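Below is one structure, written out as structure tokens, with a few remarks after it.
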Amino acid sequence: MENYWYPIALAKELKKAPKCYYLLNQKIVVYRSPHGIVAQKDSCPHRKFPLSAGKIVNGRLQCGYHGWEFDDKGFLTEVPGMGTQLNSKCSMLNTYSAQEYEDLIWVCLEENVAFKPYQKDLLKDRKLYSFKTTIIGDTADILENFLDPLHTAFLHDGIIRSKGKRNLTHAEIRAIPHGVEAKYTEESNQTGLIGNLFGRNITHSFGRLTKGNIIDLEFHSKNGIDMTNRFIIVPTQGDENLFFSQITFRKTFLPIWFKYAVVSPFFYIALQQDKKGIKQQLDNKHHFKEDKLRSTYLDIMKPYIDRMLNQEELKVIEKDIEMHL
Ligand code: FES
Ligand SMILES: [Fe+2]
């Protein structure tokens, strides 16, 4: 998973000071330099002082302990007290690839990897609402939760859908570049609060999983794509994951800020329910380590999530099924 690009922060979080983040159990320091975003190991090669506790001086990262300075390639450029000009020949500070893109700061834990996340660009002409939080849980369970439509009528009863009034839905599972998608049709009779407010005109929707733990939910009406919701799940350290959500709406007679203002409290409630459930699942997984999971054909995405996290080929089996959502 190390050669994927992952977002680690909202771009607006990163101001003048260097900041510490965790990505795939690595502790990294991230800052803005005149050459762009820089991500490096958060440990001074001199005495392991955290470099994120230092500051940026003339575009370089200065350690807060003895003042060693490093440039954006990890070369040592200054040792206070030495009195001579330094001319270091090699980089001594691990430097990763980093980039700002679509409101987020992205990092790849390998050096010099060209920026190529696998997902499609978000709709360029739309305002993006980006949001970040932390979720404690198994990364596979989190991915499954946000792709799985079947729990929405149950765990989120009354909010997204209602468990009393299910609709027959067709799901078409297809391979896509670097991932898998499910297309759901006949969702026009959505029941819960969000469904009632925003699902009325929806003709079909997509749930996509792309390498790099990216989930795209896309809701279509006769007029085009009404709403997109991208979720990115980033393992940081231990059982902690970052969760990014990026939402866009189609422009209609209702202002977009208004749609976001109306819908976000419901998303927030649903997210709290998911967070709580995922944490309970994790606790139980620790408790019942040996037990195998049982699935049915309705659990469309689970095999692909597991293969993706294991760095295996996805081997998508294309098929059409029916379910009652
Ligand atoms: S520990 Fe960083 S300069 Fe000494
Ligand atoms: Fe959920």
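Following the order of the structure tokens, first chain is A, next is B, and so on, with residues numbered from 1 inside each chain and ligands from 1 in the order they appear.
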
Would you mind listing the residues within 6 Å of ligand 1, counting only C-alpha atoms and all ligand atoms, as a PDB file with N, CA and C atoms, in the first residue's frame?
ATOM      1  N   CYS A  44      14.587  14.139  13.565  1.00  0.00           N
ATOM      2  CA  CYS A  44      15.855  14.763  13.179  1.00  0.00           C
ATOM      3  C   CYS A  44      16.960  13.704  13.165  1.00  0.00           C
ATOM      4  N   HIS A  46      19.941  14.014  13.666  1.00  0.00           N
ATOM      5  CA  HIS A  46      20.950  14.280  14.697  1.00  0.00           C
ATOM      6  C   HIS A  46      20.628  13.531  15.989  1.00  0.00           C
ATOM      7  N   ARG A  47      19.499  13.862  16.657  1.00  0.00           N
ATOM      8  CA  ARG A  47      19.151  13.206  17.917  1.00  0.00           C
ATOM      9  C   ARG A  47      17.675  12.831  18.014  1.00  0.00           C
ATOM     10  N   LYS A  48      17.056  12.649  16.848  1.00  0.00           N
ATOM     11  CA  LYS A  48      15.651  12.203  16.788  1.00  0.00           C
ATOM     12  C   LYS A  48      14.647  13.167  17.403  1.00  0.00           C
ATOM     13  N   PHE A  49      14.976  14.415  17.493  1.00  0.00           N
ATOM     14  CA  PHE A  49      13.987  15.388  17.946  1.00  0.00           C
ATOM     15  C   PHE A  49      12.917  15.491  16.860  1.00  0.00           C
ATOM     16  N   CYS A  63      15.320  22.227  12.776  1.00  0.00           N
ATOM     17  CA  CYS A  63      15.073  21.455  13.994  1.00  0.00           C
ATOM     18  C   CYS A  63      15.080  22.394  15.209  1.00  0.00           C
ATOM     19  N   TYR A  65      15.896  21.702  18.231  1.00  0.00           N
ATOM     20  CA  TYR A  65      16.816  21.335  19.312  1.00  0.00           C
ATOM     21  C   TYR A  65      18.180  22.028  19.159  1.00  0.00           C
ATOM     22  N   HIS A  66      18.935  21.695  18.086  1.00  0.00           N
ATOM     23  CA  HIS A  66      20.238  22.339  17.869  1.00  0.00           C
ATOM     24  C   HIS A  66      20.262  23.192  16.611  1.00  0.00           C
ATOM     25  N   GLY A  67      19.104  23.235  15.933  1.00  0.00           N
ATOM     26  CA  GLY A  67      18.990  24.143  14.795  1.00  0.00           C
ATOM     27  C   GLY A  67      19.483  23.618  13.449  1.00  0.00           C
ATOM     28  N   TRP A  68      19.721  22.328  13.331  1.00  0.00           N
ATOM     29  CA  TRP A  68      20.080  21.816  12.006  1.00  0.00           C
ATOM     30  C   TRP A  68      18.963  22.167  11.022  1.00  0.00           C
TER      31      TRP A  68
END

Considering only C-alpha atoms and all ligand atoms, give me a table of residues in chain A that are at most 12 Å from ligand 2, with the closest atom pair and distance in Å for each, as a Markdown table.
| residue | atom | partner | partner_atom_place_in_ligand_line | distance |
| --- | --- | --- | --- | --- |
| A:Asp141 | CA | ligand 2 | 1 (Fe) | 10.7 |
| A:Ile142 | CA | ligand 2 | 1 (Fe) | 9.0 |
| A:Leu143 | CA | ligand 2 | 1 (Fe) | 10.1 |
| A:Glu144 | CA | ligand 2 | 1 (Fe) | 9.1 |
| A:Asn145 | CA | ligand 2 | 1 (Fe) | 5.4 |
| A:Phe146 | CA | ligand 2 | 1 (Fe) | 5.6 |
| A:Leu147 | CA | ligand 2 | 1 (Fe) | 8.3 |
| A:Asp148 | CA | ligand 2 | 1 (Fe) | 7.5 |
| A:Pro149 | CA | ligand 2 | 1 (Fe) | 8.0 |
| A:Leu150 | CA | ligand 2 | 1 (Fe) | 9.1 |
| A:His151 | CA | ligand 2 | 1 (Fe) | 6.5 |
| A:Thr152 | CA | ligand 2 | 1 (Fe) | 5.7 |
| A:Ala153 | CA | ligand 2 | 1 (Fe) | 9.3 |
| A:Phe154 | CA | ligand 2 | 1 (Fe) | 9.3 |
| A:Leu155 | CA | ligand 2 | 1 (Fe) | 7.0 |
| A:His156 | CA | ligand 2 | 1 (Fe) | 6.7 |
| A:Asp157 | CA | ligand 2 | 1 (Fe) | 10.3 |
| A:Ile159 | CA | ligand 2 | 1 (Fe) | 10.3 |
| A:Ile160 | CA | ligand 2 | 1 (Fe) | 8.8 |
| A:Arg161 | CA | ligand 2 | 1 (Fe) | 10.8 |
| A:Phe231 | CA | ligand 2 | 1 (Fe) | 11.8 |
| A:Phe266 | CA | ligand 2 | 1 (Fe) | 11.5 |
| A:Phe267 | CA | ligand 2 | 1 (Fe) | 9.3 |
| A:Tyr268 | CA | ligand 2 | 1 (Fe) | 10.6 |
| A:Ile269 | CA | ligand 2 | 1 (Fe) | 9.8 |
| A:Ala270 | CA | ligand 2 | 1 (Fe) | 6.1 |
| A:Leu271 | CA | ligand 2 | 1 (Fe) | 6.5 |
| A:Gln272 | CA | ligand 2 | 1 (Fe) | 8.9 |
| A:Gln273 | CA | ligand 2 | 1 (Fe) | 7.0 |
| A:Asp274 | CA | ligand 2 | 1 (Fe) | 4.8 |
| A:Lys275 | CA | ligand 2 | 1 (Fe) | 8.4 |
| A:Lys276 | CA | ligand 2 | 1 (Fe) | 10.2 |
| A:Gly277 | CA | ligand 2 | 1 (Fe) | 8.8 |
| A:Ile278 | CA | ligand 2 | 1 (Fe) | 9.3 |

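Residues in contact with A:Thr210 at 9 Å, where only C-alpha atoms are counted and same-chain residues fewer than 3 positions away are skipped, are listed as A:Tyr118, A:Gln119, A:Ile176, A:Pro177, A:His178, A:Gly179, A:Val180, A:Glu181, A:Asn213, A:Ile214, A:Ile215, A:Asp216, A:Met308.
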
Query raised in the report: A:Ser295, A:Thr84, A:Thr203, A:Gln40: which is nearest A:Tyr96, counting only C-alpha atoms?
Result: A:Gln40

Query raised in the report: Which residues come within 7 Å of A:Ala39, counting only C-alpha atoms, excluding same-chain residues fewer than 3 positions away, as a ChimeraX atom specification?
Result: /A:28-31,95-98

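Distance check against A:Gln246 using only C-alpha atoms: of A:Arg174, A:Arg230, A:Arg126, A:Lys27, the minimum falls on A:Arg230.
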
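Near A:Gly224, within 12 Å and counting only C-alpha atoms, sit Leu123, Asn201, Ile202, Thr203, His204, Ser205, Glu218, Phe219, Phe249, Arg250, Lys251 and Thr252 of chain A, not including residues fewer than 5 positions from it in the same chain.
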
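Counting only C-alpha atoms, A:Phe244 has the following residues at most 7 Å away, ignoring those fewer than 6 positions along the same chain: Phe131, Lys132, Thr133, Phe231, Ile232 and Ile233 of chain A.
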
Query raised in the report: Using the chain letters and numbers from this document, which residues of stretch 45-270 of chain A does DSSP assign to alpha helix (DSSP H), as JSON, numbers by chain?
Result: {"A": [139, 140, 141, 142, 143, 144, 145, 146, 147, 193, 194, 195, 196, 197, 198, 256, 257, 258, 259, 260, 261, 262, 263, 264, 265, 266, 267, 268, 269, 270]}

Keeping only C-alpha atoms, take the residues you just selected and write them out as an mmCIF file, in the first residue's frame.
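result_10.cif, written as the output of this step:
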data_model
loop_
_atom_site.group_PDB
_atom_site.id
_atom_site.type_symbol
_atom_site.label_atom_id
_atom_site.label_comp_id
_atom_site.auth_asym_id
_atom_site.auth_seq_id
_atom_site.Cartn_x
_atom_site.Cartn_y
_atom_site.Cartn_z
ATOM 1 C CA THR A 139 -9.975 -0.259 7.508
ATOM 2 C CA ALA A 140 -11.799 -3.050 5.641
ATOM 3 C CA ASP A 141 -14.902 -2.579 7.808
ATOM 4 C CA ILE A 142 -14.887 1.164 7.222
ATOM 5 C CA LEU A 143 -14.607 0.732 3.460
ATOM 6 C CA GLU A 144 -17.413 -1.797 3.474
ATOM 7 C CA ASN A 145 -19.661 0.418 5.571
ATOM 8 C CA PHE A 146 -19.509 3.334 3.167
ATOM 9 C CA LEU A 147 -20.072 1.127 0.117
ATOM 10 C CA LEU A 193 -35.151 11.672 5.596
ATOM 11 C CA ILE A 194 -32.187 12.107 3.249
ATOM 12 C CA GLY A 195 -33.942 9.966 0.650
ATOM 13 C CA ASN A 196 -37.083 12.074 0.905
ATOM 14 C CA LEU A 197 -35.242 15.355 0.699
ATOM 15 C CA PHE A 198 -32.758 14.515 -2.024
ATOM 16 C CA ILE A 256 -25.781 24.797 -3.316
ATOM 17 C CA TRP A 257 -24.751 26.129 0.099
ATOM 18 C CA PHE A 258 -28.365 25.653 1.155
ATOM 19 C CA LYS A 259 -28.386 22.013 0.021
ATOM 20 C CA TYR A 260 -25.192 21.402 1.943
ATOM 21 C CA ALA A 261 -26.553 23.143 5.031
ATOM 22 C CA VAL A 262 -29.700 21.013 4.929
ATOM 23 C CA VAL A 263 -28.074 17.688 4.204
ATOM 24 C CA SER A 264 -24.939 17.890 6.369
ATOM 25 C CA PRO A 265 -26.645 17.503 9.778
ATOM 26 C CA PHE A 266 -28.185 14.227 8.580
ATOM 27 C CA PHE A 267 -24.890 13.036 7.181
ATOM 28 C CA TYR A 268 -23.352 13.941 10.502
ATOM 29 C CA ILE A 269 -25.859 11.846 12.440
ATOM 30 C CA ALA A 270 -25.394 8.913 10.046
#

Query raised in the report: Near A:Tyr101, within 10 Å and counting only C-alpha atoms, which residues show up once chain neighbours fewer than 4 positions away are dropped, as a ChimeraX atom specification?
Result: /A:7,10-11,105-106,115,121

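Here the question is which of A:Lys124, A:Lys302, A:Lys289, A:His35 gets nearest to A:Leu314 using only C-alpha atoms, and that residue is A:Lys302.
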
Strand (DSSP E) call set, DSSP backbone run, stretch 133-245 of chain A, as a compact mmCIF listing (two decimals) with C-alpha atoms, in the first residue's frame:
# COMPACT_ATOMS: atom_id res chain seq x y z
CA THR A 133 -12.56 13.28 10.77
CA THR A 134 -11.03 10.24 12.49
CA ILE A 135 -12.58 6.77 12.63
CA ILE A 136 -11.35 4.03 14.95
CA LEU A 168 -36.65 -3.75 -5.24
CA THR A 169 -33.32 -2.59 -6.67
CA HIS A 170 -31.14 -3.97 -9.44
CA ALA A 171 -27.41 -3.95 -8.91
CA GLU A 172 -24.96 -4.34 -11.79
CA ILE A 173 -21.43 -5.12 -10.75
CA ARG A 174 -18.74 -4.12 -13.21
CA ALA A 175 -14.96 -3.83 -13.37
CA ILE A 176 -13.60 -0.28 -13.80
CA GLY A 179 -11.46 -0.82 -9.16
CA VAL A 180 -15.01 -2.08 -9.15
CA GLU A 181 -18.41 -0.42 -9.31
CA ALA A 182 -22.01 -1.29 -8.56
CA LYS A 183 -24.80 0.50 -10.38
CA TYR A 184 -28.12 0.58 -8.51
CA THR A 185 -31.38 1.33 -10.37
CA ILE A 202 -32.75 9.87 -8.42
CA THR A 203 -32.96 7.39 -11.29
CA HIS A 204 -29.82 5.42 -10.51
CA SER A 205 -26.67 5.61 -8.46
CA PHE A 206 -23.16 4.22 -8.45
CA GLY A 207 -20.93 2.97 -5.67
CA ARG A 208 -17.31 2.71 -6.77
CA LEU A 209 -14.22 1.43 -5.07
CA THR A 210 -10.86 2.51 -6.48
CA ILE A 214 -11.34 5.73 -2.50
CA ILE A 215 -15.10 5.37 -2.55
CA ASP A 216 -17.27 7.35 -4.94
CA LEU A 217 -21.02 7.49 -4.55
CA GLU A 218 -22.75 9.17 -7.47
CA PHE A 219 -26.47 9.94 -7.62
CA HIS A 220 -28.02 10.50 -11.04
CA SER A 221 -31.34 12.03 -12.05
CA GLY A 224 -27.44 14.54 -14.82
CA ILE A 225 -25.40 13.91 -11.71
CA ASP A 226 -27.28 15.41 -8.75
CA MET A 227 -24.85 14.68 -5.97
CA THR A 228 -21.45 13.06 -5.59
CA ASN A 229 -19.94 11.94 -2.34
CA ARG A 230 -16.34 10.81 -2.22
CA PHE A 231 -14.95 9.09 0.84
CA ILE A 232 -11.27 8.33 1.32
CA ILE A 233 -10.16 6.10 4.17
CA VAL A 234 -6.53 6.47 5.20
CA PRO A 235 -4.90 4.17 7.79
CA GLU A 240 -6.95 4.89 13.68
CA ASN A 241 -8.04 5.95 10.19
CA LEU A 242 -8.56 9.34 8.65
CA PHE A 243 -11.88 9.76 6.91
CA PHE A 244 -12.27 12.38 4.20
CA SER A 245 -15.60 13.23 2.65

Query raised in the report: Using only C-alpha atoms, which of A:Gln281, A:Leu109, A:Lys211, A:Gln237 sits nearest A:Tyr304?
Result: A:Lys211

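Taking atom CA of A:Asp138 as the reference point, atom CA of A:Lys279 is found at 8.3 Å.
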
Requested in this report: Would you work out the distance separating atom CA of A:Glu100 from atom CA of A:Arg307, expressed in Å to one decimal?
Outcome: 28.5 Å

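When only C-alpha atoms are used to compute distances to A:Ala9, the closest of the residues A:Asn167, A:Pro34, A:Thr236, A:Asn25 turns out to be A:Thr236.
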